[in-house]
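Enquirer: The following file, my_file.cif, comprises mmCIF, C-alpha atoms:
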```
data_upload
loop_
_atom_site.label_atom_id
_atom_site.label_comp_id
_atom_site.auth_asym_id
_atom_site.auth_seq_id
_atom_site.Cartn_x
_atom_site.Cartn_y
_atom_site.Cartn_z
CA MET V 46 33.63 26.40 84.02
CA LYS V 47 31.36 23.71 85.43
CA GLN V 48 27.68 24.62 85.33
CA TYR V 49 26.19 25.35 88.72
CA HIS V 50 23.44 23.26 90.28
CA LEU V 51 19.91 24.68 90.24
CA ASN V 52 20.10 25.54 93.94
CA THR V 53 23.18 27.66 93.32
CA ASN V 54 21.55 29.37 90.35
CA CYS V 55 18.61 30.36 92.55
CA VAL V 56 21.09 32.42 94.56
CA GLN V 57 23.76 33.40 92.06
CA ALA V 58 22.42 33.48 88.48
CA GLY V 59 21.50 36.61 86.58
CA TYR V 60 23.69 39.13 88.38
CA THR V 61 27.45 39.07 88.93
CA PRO V 62 28.76 42.28 90.51
CA LYS V 63 32.07 43.66 89.32
CA ASN V 64 34.77 45.10 91.53
CA GLY V 65 33.27 47.63 93.93
CA GLU V 66 29.67 47.14 92.74
CA PRO V 67 26.73 46.29 95.05
CA ARG V 68 26.66 42.65 96.15
CA VAL V 69 22.84 42.64 96.17
CA LEU V 70 21.02 43.20 92.87
CA PRO V 71 20.36 46.97 92.70
CA ILE V 72 16.96 48.46 91.94
CA THR V 73 17.36 50.62 88.84
CA GLN V 74 14.40 52.89 89.53
CA SER V 75 14.68 54.97 86.38
CA THR V 76 12.46 55.24 83.35
CA THR V 77 15.18 56.59 81.07
CA TYR V 78 18.89 56.26 80.30
CA LYS V 79 21.31 58.95 79.12
CA TYR V 80 23.47 58.74 75.98
CA ASP V 81 26.16 61.04 74.63
CA SER V 82 24.90 61.26 71.08
CA SER V 83 21.74 60.95 68.99
CA GLU V 84 23.55 58.37 66.87
CA ASP V 85 24.05 56.10 69.87
CA MET V 86 20.38 56.38 70.75
CA GLY V 87 19.32 55.79 67.15
CA LYS V 88 21.19 52.48 66.99
CA LEU V 89 19.14 51.24 69.93
CA PHE V 90 15.89 52.04 68.14
CA ASP V 91 17.17 50.28 65.02
CA LEU V 92 18.01 47.18 67.12
CA THR V 93 21.57 47.30 65.78
CA ALA V 94 23.06 47.94 69.22
CA SER V 95 22.15 46.64 72.68
CA GLY V 96 21.49 48.83 75.67
CA TYR V 97 18.82 50.57 77.70
CA PHE V 98 16.75 53.54 76.64
CA TYR V 99 13.32 53.14 78.24
CA THR V 100 12.22 50.84 81.05
CA ARG V 101 9.02 49.79 79.28
CA LEU V 102 11.26 47.71 77.05
CA GLN V 103 14.29 46.92 79.20
CA ASN V 104 15.57 47.59 82.68
CA PRO V 105 18.74 46.24 84.33
CA THR V 106 16.92 44.93 87.41
CA ASN V 107 14.20 43.24 85.36
CA ASP V 108 16.72 41.76 82.93
CA ALA V 109 18.88 40.29 85.70
CA VAL V 110 15.90 38.50 87.24
CA ALA V 111 14.74 37.29 83.83
CA ALA V 112 18.22 35.90 83.19
CA LYS V 113 18.11 34.06 86.52
CA ILE V 114 14.80 32.39 85.67
CA ALA V 115 16.08 31.48 82.20
CA ALA V 116 19.03 29.76 83.88
CA LEU V 117 16.69 27.89 86.25
CA GLU V 118 14.54 26.62 83.37
CA GLY V 119 17.50 25.91 81.09
CA GLY V 120 16.36 28.42 78.47
CA VAL V 121 18.26 30.83 76.25
CA ALA V 122 16.32 34.00 77.12
CA ALA V 123 13.39 35.27 79.16
CA VAL V 124 11.24 38.33 79.64
CA LEU V 125 9.39 39.42 82.78
CA THR V 126 5.82 40.66 82.57
CA SER V 127 3.66 42.60 84.98
CA SER V 128 1.47 39.57 85.77
CA GLY V 129 1.01 35.90 85.04
CA GLN V 130 -2.00 36.79 82.90
CA ALA V 131 0.21 39.04 80.78
CA ALA V 132 2.70 36.18 80.39
CA SER V 133 -0.07 33.83 79.24
CA PHE V 134 -1.31 36.40 76.75
CA PHE V 135 2.13 37.35 75.41
CA SER V 136 3.23 33.73 75.07
CA ILE V 137 0.40 33.10 72.59
CA PHE V 138 -0.05 36.52 70.98
CA ASN V 139 3.66 36.69 70.15
CA ILE V 140 3.09 34.08 67.42
CA CYS V 141 -0.65 34.28 66.78
CA SER V 142 -2.91 36.86 65.17
CA ALA V 143 -6.47 37.14 63.89
CA GLY V 144 -7.44 34.03 61.95
CA ASP V 145 -5.09 31.71 63.81
CA HIS V 146 -5.95 28.71 65.96
CA VAL V 147 -4.61 27.30 69.24
CA VAL V 148 -4.98 23.89 70.86
CA SER V 149 -5.11 24.17 74.66
CA THR V 150 -5.77 21.71 77.42
CA SER V 151 -9.02 22.41 79.23
CA ALA V 152 -7.56 21.88 82.70
CA ILE V 153 -6.01 25.30 83.15
CA TYR V 154 -6.36 28.22 85.56
CA GLY V 155 -9.80 29.81 85.29
CA GLY V 156 -8.40 33.22 84.42
CA THR V 157 -6.38 31.71 81.58
CA PHE V 158 -9.42 29.81 80.31
CA ASN V 159 -11.43 33.04 80.22
CA LEU V 160 -8.53 34.91 78.55
CA PHE V 161 -8.41 32.30 75.80
CA SER V 162 -12.10 31.54 75.35
CA VAL V 163 -13.45 35.10 75.60
CA THR V 164 -10.90 37.90 75.32
CA MET V 165 -8.53 36.42 72.73
CA LYS V 166 -11.51 35.11 70.78
CA LYS V 167 -12.53 38.77 70.37
CA LEU V 168 -9.13 39.34 68.78
CA GLY V 169 -9.93 36.68 66.19
CA ILE V 170 -7.86 33.86 67.67
CA ASP V 171 -9.75 30.58 67.95
CA PHE V 172 -9.12 27.97 70.66
CA THR V 173 -9.97 24.29 70.82
CA PHE V 174 -9.88 22.87 74.35
CA VAL V 175 -8.93 19.23 74.85
CA SER V 176 -8.69 17.06 77.91
CA PRO V 177 -5.11 16.61 79.12
CA ASP V 178 -6.00 12.92 79.37
CA ALA V 179 -7.10 12.70 75.72
CA ASP V 180 -5.57 10.00 73.53
CA ASP V 181 -3.48 10.71 70.44
CA ALA V 182 -6.40 10.35 68.04
CA GLU V 183 -8.51 12.92 69.88
CA LEU V 184 -5.59 15.32 70.18
CA ASN V 185 -4.67 15.01 66.52
CA ALA V 186 -8.28 15.73 65.57
CA ALA V 187 -8.08 19.06 67.40
CA PHE V 188 -5.41 20.44 65.04
CA LYS V 189 -6.33 22.59 62.05
CA PRO V 190 -4.27 23.92 59.13
CA ASN V 191 -4.10 27.31 60.92
CA THR V 192 -3.04 25.91 64.31
CA LYS V 193 -0.02 27.85 65.56
CA VAL V 194 0.68 26.57 69.08
CA VAL V 195 -0.29 24.09 71.81
CA PHE V 196 -0.74 25.25 75.42
CA GLY V 197 -0.96 23.32 78.70
CA GLU V 198 -0.15 23.48 82.39
CA SER V 199 2.49 21.08 83.71
CA LEU V 200 0.40 20.75 86.87
CA SER V 201 -3.04 22.27 86.50
CA ASN V 202 -4.51 24.84 88.85
CA PRO V 203 -6.50 23.73 90.81
CA ALA V 204 -7.32 20.24 89.46
CA LEU V 205 -3.67 19.08 89.88
CA ILE V 206 -3.69 17.11 86.64
CA VAL V 207 -0.17 16.20 85.53
CA LEU V 208 0.40 16.97 81.85
CA ASP V 209 2.12 14.31 79.77
CA ILE V 210 4.56 16.90 78.45
CA GLU V 211 6.47 14.51 76.21
CA LYS V 212 3.29 13.30 74.49
CA PHE V 213 1.98 16.81 73.90
CA ALA V 214 5.37 18.02 72.67
CA LYS V 215 5.62 15.21 70.12
CA LEU V 216 2.12 15.90 68.83
CA ALA V 217 2.76 19.63 68.59
CA HIS V 218 6.02 19.08 66.72
CA ALA V 219 4.40 16.59 64.37
CA HIS V 220 2.11 19.44 63.31
CA GLY V 221 5.00 21.91 63.04
CA VAL V 222 4.07 24.05 66.06
CA PRO V 223 5.60 24.69 69.51
CA LEU V 224 4.38 23.59 72.92
CA VAL V 225 3.94 26.31 75.56
CA VAL V 226 3.83 25.03 79.16
CA ASP V 227 2.69 26.96 82.22
CA ASN V 228 5.08 25.63 84.87
CA THR V 229 3.84 27.79 87.76
CA PHE V 230 2.94 25.09 90.30
CA PRO V 231 5.96 22.75 90.13
CA THR V 232 8.49 25.55 89.38
CA PRO V 233 11.81 24.57 87.75
CA VAL V 234 12.84 23.09 91.10
CA ASN V 235 10.47 20.17 90.54
CA CYS V 236 9.80 20.14 86.79
CA ARG V 237 11.93 21.05 83.77
CA PRO V 238 9.58 21.02 80.76
CA PHE V 239 12.34 21.76 78.23
CA GLU V 240 13.95 18.42 79.04
CA PHE V 241 10.77 16.69 77.80
CA GLY V 242 10.34 18.64 74.57
CA ALA V 243 8.45 21.79 75.58
CA ASP V 244 9.54 24.89 73.65
CA ILE V 245 8.29 27.83 75.69
CA VAL V 246 7.69 27.95 79.45
CA MET V 247 5.78 30.63 81.33
CA HIS V 248 5.02 31.28 84.98
CA SER V 249 2.92 33.40 87.21
CA THR V 250 5.86 34.51 89.35
CA THR V 251 3.27 35.79 91.83
CA LYS V 252 3.08 32.23 93.17
CA TYR V 253 6.00 30.10 94.42
CA MET V 254 8.73 32.16 92.75
CA ASP V 255 7.81 35.23 94.80
CA GLY V 256 6.48 33.05 97.58
CA HIS V 257 5.56 35.83 100.00
CA ALA V 258 2.46 37.42 98.43
CA THR V 259 4.23 40.72 97.82
CA SER V 260 4.51 41.10 94.04
CA VAL V 261 2.32 40.28 91.06
CA GLY V 262 4.36 39.20 88.04
CA GLY V 263 4.97 36.77 85.21
CA VAL V 264 7.77 35.45 83.02
CA ILE V 265 8.17 33.79 79.63
CA VAL V 266 11.24 31.63 78.90
CA ASP V 267 12.32 30.38 75.47
CA SER V 268 14.20 27.09 75.16
CA GLY V 269 15.77 28.25 71.89
CA ASN V 270 15.08 24.79 70.44
CA PHE V 271 12.11 25.39 68.16
CA ASP V 272 12.89 26.07 64.50
CA TRP V 273 10.58 28.93 63.52
CA THR V 274 11.76 28.74 59.91
CA GLN V 275 10.69 25.13 59.28
CA ASN V 276 7.40 26.26 57.72
CA ASP V 277 5.49 29.43 56.89
CA LYS V 278 3.35 29.45 60.05
CA PHE V 279 5.28 32.22 61.85
CA PRO V 280 5.66 35.22 59.53
CA GLY V 281 5.94 37.57 62.50
CA LEU V 282 9.31 36.00 63.28
CA THR V 283 10.53 34.99 59.83
CA THR V 284 9.55 37.95 57.63
CA PRO V 285 10.52 41.66 57.89
CA ASP V 286 8.88 43.71 60.64
CA ASP V 287 7.97 47.07 59.09
CA SER V 288 7.69 48.66 62.54
CA TYR V 289 11.44 48.08 63.01
CA HIS V 290 12.76 49.08 59.58
CA GLY V 291 12.33 45.61 58.14
CA VAL V 292 14.23 43.58 60.71
CA THR V 293 13.64 39.81 60.50
CA TYR V 294 13.90 38.40 64.02
CA THR V 295 15.06 34.90 63.14
CA GLU V 296 17.81 36.29 60.94
CA SER V 297 19.01 39.01 63.31
CA PHE V 298 18.58 37.30 66.68
CA GLY V 299 18.75 33.55 66.04
CA LYS V 300 17.72 31.60 69.13
CA GLY V 301 16.72 34.86 70.80
CA ALA V 302 14.15 35.72 68.12
CA TYR V 303 10.99 34.83 70.06
CA ILE V 304 11.89 36.74 73.24
CA THR V 305 13.32 39.69 71.31
CA LYS V 306 10.05 40.07 69.41
CA ALA V 307 8.05 39.80 72.65
CA VAL V 308 10.12 42.63 74.13
CA VAL V 309 10.59 45.07 71.27
CA GLN V 310 7.15 44.62 69.72
CA LEU V 311 4.61 43.43 72.31
CA MET V 312 6.11 45.13 75.36
CA ARG V 313 6.67 48.27 73.30
CA ASP V 314 3.01 48.38 72.23
CA LEU V 315 1.19 46.86 75.22
CA GLY V 316 3.48 47.92 78.06
CA SER V 317 2.94 45.07 80.55
CA VAL V 318 6.29 45.68 82.20
CA PRO V 319 6.96 44.93 85.89
CA ALA V 320 8.19 47.65 88.20
CA PRO V 321 11.90 47.22 89.09
CA GLN V 322 10.91 47.19 92.77
CA ASN V 323 8.69 44.15 92.15
CA SER V 324 11.50 42.40 90.27
CA PHE V 325 13.82 43.08 93.20
CA LEU V 326 11.34 41.43 95.57
CA LEU V 327 10.89 38.53 93.13
CA ASN V 328 14.64 37.98 93.16
CA LEU V 329 14.61 37.72 96.94
CA GLY V 330 11.96 35.03 96.64
CA LEU V 331 13.96 33.15 94.03
CA GLU V 332 16.98 33.00 96.31
CA THR V 333 15.11 30.67 98.69
CA LEU V 334 12.88 28.94 96.12
CA PHE V 335 14.60 25.56 96.34
CA LEU V 336 14.35 25.55 100.14
CA ARG V 337 10.71 26.61 100.27
CA VAL V 338 9.49 24.26 97.53
CA GLU V 339 10.99 21.27 99.33
CA ARG V 340 9.17 22.17 102.56
CA HIS V 341 5.91 22.93 100.73
CA CYS V 342 6.00 19.46 99.18
CA GLN V 343 6.90 17.68 102.42
CA ASN V 344 4.06 19.40 104.26
CA ALA V 345 1.56 18.89 101.44
CA LEU V 346 2.21 15.16 101.24
CA ALA V 347 1.67 14.85 104.99
CA VAL V 348 -1.56 16.86 104.74
CA ALA V 349 -2.77 14.76 101.79
CA LYS V 350 -2.15 11.54 103.72
CA PHE V 351 -4.00 12.95 106.75
CA LEU V 352 -7.01 13.93 104.64
CA GLU V 353 -7.04 10.62 102.79
CA ALA V 354 -7.28 8.78 106.10
CA ASP V 355 -10.18 10.88 107.45
CA ASP V 356 -13.60 9.36 106.77
CA ARG V 357 -15.21 12.81 106.65
CA VAL V 358 -13.29 13.55 103.46
CA ALA V 359 -14.94 12.35 100.26
CA TRP V 360 -11.87 12.46 98.05
CA VAL V 361 -8.31 13.81 97.89
CA ASN V 362 -6.31 14.76 94.83
CA TYR V 363 -2.56 15.08 95.25
CA PRO V 364 -0.21 13.60 92.63
CA GLY V 365 2.27 12.66 95.33
CA LEU V 366 -0.17 10.10 96.74
CA LYS V 367 0.23 6.57 95.39
CA SER V 368 -3.55 6.41 95.07
CA SER V 369 -3.55 9.30 92.58
CA LYS V 370 -4.22 8.43 88.93
CA TYR V 371 -1.41 10.87 88.08
CA TYR V 372 1.15 9.34 90.43
CA ASP V 373 3.14 7.62 87.66
CA LEU V 374 3.22 10.74 85.50
CA ALA V 375 4.27 12.77 88.53
CA GLN V 376 7.13 10.35 89.16
CA LYS V 377 8.25 10.80 85.56
CA TYR V 378 8.09 14.57 85.35
CA MET V 379 8.33 15.62 89.02
CA PRO V 380 10.18 12.86 90.89
CA ASN V 381 11.27 15.16 93.71
CA GLY V 382 7.77 16.46 94.45
CA THR V 383 4.92 18.27 92.75
CA CYS V 384 3.77 21.35 94.67
CA GLY V 385 2.24 22.43 97.94
CA VAL V 386 -1.38 22.47 96.76
CA VAL V 387 -3.84 19.75 97.76
CA SER V 388 -7.37 19.55 96.33
CA PHE V 389 -10.09 17.71 98.20
CA GLY V 390 -13.82 17.55 98.85
CA LEU V 391 -15.90 16.80 101.90
CA LYS V 392 -18.79 14.37 102.15
CA THR V 393 -20.94 17.35 103.16
CA GLY V 394 -20.49 18.83 99.67
CA ARG V 395 -20.30 22.48 98.69
CA ASP V 396 -22.11 23.78 101.77
CA GLY V 397 -19.82 21.75 103.97
CA ALA V 398 -16.79 23.16 102.17
CA VAL V 399 -17.88 26.70 103.02
CA LYS V 400 -18.48 25.84 106.68
CA PHE V 401 -15.15 24.04 106.88
CA MET V 402 -13.22 26.93 105.39
CA ASP V 403 -14.91 29.43 107.69
CA SER V 404 -13.76 27.33 110.66
CA LEU V 405 -10.05 27.39 109.79
CA LYS V 406 -7.87 29.52 112.02
CA LEU V 407 -4.28 29.16 110.81
CA ALA V 408 -5.16 28.87 107.12
CA ALA V 409 -6.48 32.09 105.60
CA ILE V 410 -9.22 32.39 102.97
CA VAL V 411 -7.52 34.45 100.28
CA THR V 412 -7.53 34.81 96.50
CA HIS V 413 -4.04 33.45 96.29
CA VAL V 414 -2.08 30.22 96.19
CA ALA V 415 1.52 29.05 96.58
CA ASP V 416 2.34 31.41 99.43
CA CYS V 417 4.68 30.58 102.31
CA ARG V 418 1.57 30.93 104.50
CA THR V 419 -1.13 28.27 104.37
CA CYS V 420 -4.21 29.47 102.54
CA VAL V 421 -7.45 28.06 101.18
CA LEU V 422 -10.01 28.84 98.49
CA HIS V 423 -13.21 27.49 96.95
CA PRO V 424 -12.46 27.89 93.20
CA ALA V 425 -16.00 27.26 91.91
CA SER V 426 -17.24 30.39 93.69
CA THR V 427 -14.12 32.53 93.25
CA THR V 428 -11.30 32.05 90.69
CA HIS V 429 -13.50 29.91 88.41
CA ARG V 430 -16.79 31.66 89.19
CA GLN V 431 -17.16 32.97 85.63
CA LEU V 432 -17.22 29.44 84.17
CA SER V 433 -20.36 27.44 83.44
CA SER V 434 -20.97 24.02 85.01
CA GLU V 435 -19.81 22.38 81.79
CA GLU V 436 -16.64 24.50 81.71
CA LEU V 437 -15.97 23.72 85.38
CA ASP V 438 -16.20 20.02 84.60
CA ALA V 439 -13.81 20.44 81.66
CA CYS V 440 -11.33 22.22 83.92
CA GLY V 441 -11.59 19.46 86.52
CA VAL V 442 -13.11 21.80 89.09
CA GLY V 443 -16.00 20.28 90.99
CA GLU V 444 -18.53 22.29 92.98
CA ASP V 445 -17.14 20.80 96.19
CA LEU V 446 -13.44 21.26 95.40
CA ILE V 447 -11.39 22.92 98.13
CA ARG V 448 -7.98 24.21 97.04
CA PHE V 449 -5.72 23.99 100.08
CA SER V 450 -2.33 25.64 99.60
CA VAL V 451 -0.02 24.18 102.23
CA GLY V 452 2.52 26.65 103.58
CA ILE V 453 5.89 26.20 105.23
CA GLU V 454 4.66 26.39 108.82
CA HIS V 455 5.17 23.36 111.07
CA VAL V 456 3.09 20.59 109.56
CA ASP V 457 1.64 19.55 112.93
CA ASP V 458 0.07 22.99 113.29
CA ILE V 459 -1.40 22.83 109.79
CA ILE V 460 -2.90 19.39 110.39
CA ALA V 461 -4.25 20.47 113.79
CA ASP V 462 -6.03 23.38 112.09
CA LEU V 463 -7.56 21.02 109.54
CA GLU V 464 -8.70 18.64 112.27
CA GLN V 465 -10.38 21.30 114.38
CA ALA V 466 -12.15 22.69 111.30
CA LEU V 467 -13.39 19.21 110.36
CA ASP V 468 -14.55 18.69 113.95
CA SER V 469 -16.33 22.04 113.94
CA ASN V 470 -18.00 21.23 110.61
CA GLN V 471 -19.19 17.88 111.95
CA ASN V 472 -20.53 19.43 115.17
CA ARG V 473 -22.54 21.98 113.21
CA ASP V 474 -24.23 19.23 111.20
CA SER V 475 -24.87 16.87 114.13
#
```
Produce structure tokens that represent the structure in this file.

Expert:
Amino acid sequence: MKQYHLNTNCVQAGYTPKNGEPRVLPITQSTTYKYDSSEDMGKLFDLTASGYFYTRLQNPTNDAVAAKIAALEGGVAAVLTSSGQAASFFSIFNICSAGDHVVSTSAIYGGTFNLFSVTMKKLGIDFTFVSPDADDAELNAAFKPNTKVVFGESLSNPALIVLDIEKFAKLAHAHGVPLVVDNTFPTPVNCRPFEFGADIVMHSTTKYMDGHATSVGGVIVDSGNFDWTQNDKFPGLTTPDDSYHGVTYTESFGKGAYITKAVVQLMRDLGSVPAPQNSFLLNLGLETLFLRVERHCQNALAVAKFLEADDRVAWVNYPGLKSSKYYDLAQKYMPNGTCGVVSFGLKTGRDGAVKFMDSLKLAAIVTHVADCRTCVLHPASTTHRQLSSEELDACGVGEDLIRFSVGIEHVDDIIADLEQALDSNQNRDS
């Protein structure tokens, strides 16, 4: 049968009801599943049979939504997590352990930066942070013999730097390691990292995928393309796992090895599983993802052009603008649009940013982004507050940066709100 378009998969993928079954994905709100014999249950624990026995590992609602996202990204398998932070952690920890090394771009979400540079460092995993704009020589110099993976954001939060996915994938592969890409901001509607060589994709589904600020969540998707057996860097996948009676994931699960290990080992031990109710709500968001993302991008481009033309604005960063240094990369990787987030600064600096934000009426100041409602945040004093001035610079987050997440309201109303806030800010300073 012909493969469906992405728009159709947003609505249809992951769950196909049989005769007489619910048309809408059901919520399987159960922790446990009944079997007729101990032998049947034992096979599940031995990983020799498939099925459900405890929702911390698998749940029909969660699995259906994971399968939908895998279809959207073009991957072979996926696993949902309870948050985007959990997805970031699992994506790395699934193939790294104490004594290993990771190369990561510096322009990443502040919470991810802290996870890598502080928390995972305590676990004995070392990170080298490189500029996403670094040349090949500088990137190659960051690799070590114990490097296990490269990490980057397709479109960084909040600096909006477009990652040259193809370049980073080639460098990672030249060193025998996979590239993990956080594709939260563009979503698979606008960017398909696997088509440019990425191996693993993760998302904070809390953002555009949910789209309504109802459910925290994350997802990891495996392309199935990386050969884990090409070298001896990934013993967790290529050698027997004593905690599962000596199963070797690459031998038993083939292209599903990475996700299977993440589920049966990490989820088993760490338990960052989403509630089925949250997955149900996430699925509702996914059904309209392609419609919402298009409107977000249309509105954001109009807002970016408005801000760029206002002489009270010091600078605007939006990869959809032809003036952006990342415009060409955006056209390569995200030709149909980037995201709904615009970063900018005012000539009145950090103090002016605070006054401006306090004057907004339609846009809400919230610790969130990528919602259907327009919202705004000052990252340097909130999401990136824990970072030093040097770390803020490395992440591309200036003291004056305003992260404006453009919603799907009528764009004239959004621009009118911006204009009155700019007017109010100017009147206060005059």

Enquirer: Name the residues within 12 Å of (-9.4, 11.9, 93.7), counting only C-alpha atoms in the file's coordinates, and put them as a ChimeraX atom specification.

Expert: /V:204-206,349,352-353,358-372,387-391,441-443,446

Enquirer: Under the rule that only C-alpha atoms are counted, which of V:Gln322, V:Ser133, V:Thr283, V:Ser201 is the nearest residue to Ser75 in chain V?

Expert: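 Result for the nearest residue to Ser75 in chain V: V:Gln322.
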
Enquirer: Starting from the PyMOL selection byres ((chain V and resi 290) around 12), expand the selection into actual residues of this file and give them as a list in words.

Expert: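 Output of the PyMOL selection byres ((chain V and resi 290) around 12): Lys88, Phe90, Asp91, Leu92, Thr93, Thr284, Pro285, Asp286, Asp287, Ser288, Tyr289, Gly291, Val292, Thr293 and Tyr294 of chain V.
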
Enquirer: Could you list the residues chosen by the PyMOL selection byres ((chain V and resi 158-165) around 10) in this structure as a PyMOL selection string?

Expert: chain V and resi 130-131+133-134+137-138+142-143+147+149-157+166-174+429+431-432+436+440

Enquirer: CA of Tyr49 in chain V to CA of Pro321 in chain V: how many Å, to one decimal?

Expert: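 Spanning CA of Tyr49 in chain V to CA of Pro321 in chain V is a straight-line distance of 26.1 Å.
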
Enquirer: May I have the residues within 9 Å of His220 in chain V as a list in words, using all atoms listed in the file and disregarding those fewer than 3 positions away in the same chain?

Expert: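 Counting all atoms listed in the file, the residues come to Asn185, Phe188, Pro190, Thr192, Lys193, Lys215, Leu216, Ala217 and Pro223 of chain V.
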
Enquirer: Check the smallest atom-to-atom distance from each of V:Pro238, V:Gly96, V:Gly144, V:Gly65 to Met379 in chain V using only C-alpha atoms, then report the winner.

Expert: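 Answer, going by the shortest atom-to-atom distance: V:Pro238.
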
Enquirer: Between CA of Ser199 in chain V and CA of Val246 in chain V, what is the distance, to one decimal in Å?

Expert: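 Calculated distance between CA of Ser199 in chain V and CA of Val246 in chain V is 9.6 Å.
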